[in-house]
Amino acid sequence: MGLEVDIIFKIAGVGIVVAFLHTILDQVGKKEYAQWVTLFGFIYILFMVASIVDNLFQKIKSVFLFQG
Amino acid sequence: MMKLIGAVLIIVATTWAGFEASRHLTERPRQLRQLKSALQSLEAEIMYGHTPLHEAARRLSDQLSKPLSWFFESFAKKLTDSETTVKDAWEESLKEIWKMTALKQGEFEIMKQFGETLGRHDRLSQQKQIMLTLTHLEREEADAHDRQVKYERMVKSLGFLSGLLLIILLL
């Protein structure tokens, strides 16, 4: 359980920092960079969540289909 | 414990980089202003004092503060010590000193062009050249000021936030 909580906090942290970066870059009129930063943050989180979900599916498989 | 030390080091490094960049941005208008006042003093020395160029440069280097005073010092030294033209001495001193200033390529070209005219005409056309250079520098200063207002705060917070992001990603 400790791992899951850790990852939630990590996602929250990345979200906050990326949001700040977006706001600051937006304020000085660098819209294109702001969008790139947000996009990369999103992609990073997506990969992390995907690997966790993959983990979950493997577990479900191993429980219900009796596969390694 | 090691992780914590690493995190602190990363934060300190990126924040420092941000502050360094913002210092660069504040230095540029200040040095441009100094450069302008230096040219005005040079004009006064030429027009009203009839001072020889190496003498004028030495006086200027006494008046000005750090990076620009080095420029006039080395210019005066080159003029008195070695057999060279004013144009070459000016350009060489410019190149020597340029890395230590916060100034950009635009100002370098302006000053180089000014050096080519220095000491080749009578006093009146020399004064006109100085005026021309001053207007060019004025334009650059306005530009530098705009950039300072726009980017100074951004660069600072960008340094800190990118450090924070890096730490979270590496955790």
# chains A, B, ... in the order shown; residues from 1 in each chain; ligands from 1
>>> residues_around(residues="B:Lys87", least_positions_apart="3", cutoff="10 Å", atoms="only C-alpha atoms", output="JSON, numbers by chain")
{"B": [84, 90, 91, 92, 112, 113, 114, 115, 116, 117, 118, 119, 120]}
>>> write_last_selection(atoms="all heavy atoms", output="tab-separated table (two decimals), in the first residue's frame")
chain	number	residue	atom	x	y	z
B	84	THR	N	49.97	50.52	-33.61
B	84	THR	CA	48.77	49.98	-34.24
B	84	THR	C	47.81	51.13	-34.58
B	84	THR	O	47.96	52.23	-34.04
B	84	THR	CB	48.07	48.96	-33.33
B	84	THR	OG1	46.69	48.94	-33.63
B	84	THR	CG2	48.25	49.28	-31.88
B	90	TRP	N	40.99	49.47	-31.04
B	90	TRP	CA	39.61	49.50	-30.55
B	90	TRP	C	38.96	48.13	-30.68
B	90	TRP	O	38.36	47.61	-29.73
B	90	TRP	CB	38.84	50.54	-31.37
B	90	TRP	CG	37.40	50.74	-30.97
B	90	TRP	CD1	36.33	50.07	-31.46
B	90	TRP	CD2	36.90	51.68	-30.01
B	90	TRP	NE1	35.18	50.53	-30.88
B	90	TRP	CE2	35.50	51.51	-29.99
B	90	TRP	CE3	37.49	52.63	-29.19
B	90	TRP	CZ2	34.69	52.26	-29.16
B	90	TRP	CZ3	36.67	53.39	-28.37
B	90	TRP	CH2	35.29	53.20	-28.34
B	91	GLU	N	39.12	47.53	-31.85
B	91	GLU	CA	38.46	46.25	-32.09
B	91	GLU	C	39.03	45.16	-31.19
B	91	GLU	O	38.29	44.35	-30.63
B	91	GLU	CB	38.64	45.88	-33.56
B	91	GLU	CG	37.52	45.01	-34.08
B	91	GLU	CD	37.63	44.77	-35.58
B	91	GLU	OE1	37.87	45.75	-36.31
B	91	GLU	OE2	37.51	43.61	-35.98
B	92	GLU	N	40.36	45.14	-31.07
B	92	GLU	CA	40.97	44.12	-30.23
B	92	GLU	C	40.53	44.25	-28.77
B	92	GLU	O	40.21	43.25	-28.11
B	92	GLU	CB	42.49	44.20	-30.32
B	92	GLU	CG	43.05	43.36	-31.45
B	92	GLU	CD	44.51	43.68	-31.69
B	92	GLU	OE1	45.22	43.92	-30.69
B	92	GLU	OE2	44.92	43.70	-32.84
B	112	LYS	N	31.87	48.36	-32.92
B	112	LYS	CA	32.92	48.10	-33.91
B	112	LYS	C	32.85	49.13	-35.02
B	112	LYS	O	33.87	49.69	-35.44
B	112	LYS	CB	32.72	46.69	-34.48
B	112	LYS	CG	34.03	46.01	-34.85
B	112	LYS	CD	33.79	44.60	-35.32
B	112	LYS	CE	33.53	44.59	-36.81
B	112	LYS	NZ	33.26	43.26	-37.34
B	113	GLN	N	31.63	49.41	-35.48
B	113	GLN	CA	31.48	50.41	-36.54
B	113	GLN	C	31.92	51.78	-36.06
B	113	GLN	O	32.54	52.55	-36.81
B	113	GLN	CB	30.03	50.48	-36.99
B	113	GLN	CG	29.70	49.43	-38.03
B	113	GLN	CD	28.22	49.36	-38.31
B	113	GLN	OE1	27.50	50.34	-38.14
B	113	GLN	NE2	27.77	48.19	-38.72
B	114	PHE	N	31.63	52.08	-34.79
B	114	PHE	CA	32.07	53.36	-34.25
B	114	PHE	C	33.60	53.43	-34.21
B	114	PHE	O	34.19	54.46	-34.55
B	114	PHE	CB	31.51	53.56	-32.84
B	114	PHE	CG	32.04	54.78	-32.16
B	114	PHE	CD1	31.69	56.03	-32.62
B	114	PHE	CD2	32.91	54.68	-31.09
B	114	PHE	CE1	32.19	57.16	-32.02
B	114	PHE	CE2	33.41	55.81	-30.48
B	114	PHE	CZ	33.04	57.05	-30.94
B	115	GLY	N	34.23	52.32	-33.85
B	115	GLY	CA	35.69	52.29	-33.81
B	115	GLY	C	36.33	52.54	-35.16
B	115	GLY	O	37.41	53.12	-35.26
B	116	GLU	N	35.62	52.12	-36.23
B	116	GLU	CA	36.18	52.35	-37.56
B	116	GLU	C	36.22	53.82	-37.91
B	116	GLU	O	37.07	54.26	-38.69
B	116	GLU	CB	35.35	51.58	-38.60
B	116	GLU	CG	35.78	50.13	-38.69
B	116	GLU	CD	34.77	49.27	-39.42
B	116	GLU	OE1	33.97	49.84	-40.19
B	116	GLU	OE2	34.77	48.06	-39.20
B	117	THR	N	35.30	54.60	-37.34
B	117	THR	CA	35.29	56.03	-37.68
B	117	THR	C	36.15	56.84	-36.73
B	117	THR	O	36.43	58.00	-37.00
B	117	THR	CB	33.86	56.59	-37.60
B	117	THR	OG1	33.44	56.53	-36.23
B	117	THR	CG2	32.91	55.80	-38.46
B	118	LEU	N	36.56	56.22	-35.63
B	118	LEU	CA	37.23	56.99	-34.57
B	118	LEU	C	38.60	57.50	-35.04
B	118	LEU	O	39.42	56.75	-35.55
B	118	LEU	CB	37.40	56.09	-33.35
B	118	LEU	CG	37.77	56.78	-32.02
B	118	LEU	CD1	36.72	57.77	-31.63
B	118	LEU	CD2	37.94	55.74	-30.93
B	119	GLY	N	38.79	58.79	-34.88
B	119	GLY	CA	40.10	59.37	-35.17
B	119	GLY	C	40.40	59.57	-36.64
B	119	GLY	O	41.55	59.80	-37.01
B	120	ARG	N	39.39	59.50	-37.50
B	120	ARG	CA	39.67	59.63	-38.93
B	120	ARG	C	39.11	60.91	-39.51
B	120	ARG	O	39.41	61.26	-40.66
B	120	ARG	CB	39.10	58.43	-39.69
B	120	ARG	CG	39.73	57.14	-39.25
B	120	ARG	CD	39.14	55.98	-40.00
B	120	ARG	NE	39.43	56.09	-41.43
B	120	ARG	CZ	39.12	55.14	-42.29
B	120	ARG	NH1	38.51	54.05	-41.88
B	120	ARG	NH2	39.40	55.27	-43.57
>>> interface_residues(of="chain B", to="chain A", cutoff="8 Å", atoms="only C-alpha atoms", output="MDAnalysis selection string")
chainID B and resid 150:151 154 157:158 161 164:165 168:169
>>> atom_distance(atom1="atom CA of B:Arg123", atom2="atom CA of B:Ser74")
23.7 Å
>>> residues_around(residues="B:Leu79", least_positions_apart="2", cutoff="10 Å", atoms="only C-alpha atoms", output="ChimeraX atom specification")
/B:53-55,57,73-77,81-86,88-90
>>> residues_around(residues="stretch 124-138 of chain B", least_positions_apart="6", cutoff="12 Å", atoms="only C-alpha atoms", output="number ranges by chain")
B: 28-48, 103-104, 106-118, 144-145
>>> write_last_selection(atoms="C-alpha atoms", output="short mmCIF file (atom, residue, chain, number, x, y, z; two decimals), in the first residue's frame")
data_model
loop_
_atom_site.label_atom_id
_atom_site.label_comp_id
_atom_site.auth_asym_id
_atom_site.auth_seq_id
_atom_site.Cartn_x
_atom_site.Cartn_y
_atom_site.Cartn_z
CA ARG B 28 22.70 44.55 -19.74
CA PRO B 29 20.69 47.80 -19.51
CA ARG B 30 23.01 49.07 -16.78
CA GLN B 31 26.11 48.46 -18.87
CA LEU B 32 24.47 50.00 -21.92
CA ARG B 33 23.73 53.12 -19.89
CA GLN B 34 27.36 53.22 -18.79
CA LEU B 35 28.51 52.79 -22.36
CA LYS B 36 26.33 55.73 -23.39
CA SER B 37 27.69 57.97 -20.68
CA ALA B 38 31.20 56.88 -21.63
CA LEU B 39 30.63 57.96 -25.21
CA GLN B 40 29.20 61.26 -24.01
CA SER B 41 32.30 61.88 -21.91
CA LEU B 42 34.44 60.95 -24.89
CA GLU B 43 32.57 63.51 -26.95
CA ALA B 44 33.14 66.16 -24.31
CA GLU B 45 36.84 65.31 -24.14
CA ILE B 46 37.15 65.56 -27.92
CA MET B 47 35.00 68.62 -28.52
CA TYR B 48 35.83 70.83 -25.55
CA LEU B 103 26.21 42.87 -23.78
CA LYS B 104 25.11 41.23 -27.00
CA GLY B 106 24.08 44.05 -31.68
CA GLU B 107 26.05 46.35 -29.38
CA PHE B 108 29.28 44.74 -30.49
CA GLU B 109 28.60 45.61 -34.12
CA ILE B 110 27.60 49.17 -33.19
CA MET B 111 30.78 49.70 -31.20
CA LYS B 112 32.92 48.10 -33.91
CA GLN B 113 31.48 50.41 -36.54
CA PHE B 114 32.07 53.36 -34.25
CA GLY B 115 35.69 52.29 -33.81
CA GLU B 116 36.18 52.35 -37.56
CA THR B 117 35.29 56.03 -37.68
CA LEU B 118 37.23 56.99 -34.57
CA ALA B 144 17.27 45.50 -23.25
CA HIS B 145 14.92 47.18 -20.77
#
>>> atom_distance(atom1="atom CA of B:Trp98", atom2="atom CA of B:Glu27")
13.4 Å
>>> residues_around(residues="stretch 10-12 of chain B", least_positions_apart="6", cutoff="9 Å", atoms="only C-alpha atoms", output="JSON, numbers by chain")
{"B": [159, 160, 161, 162, 163, 164, 166, 167]}
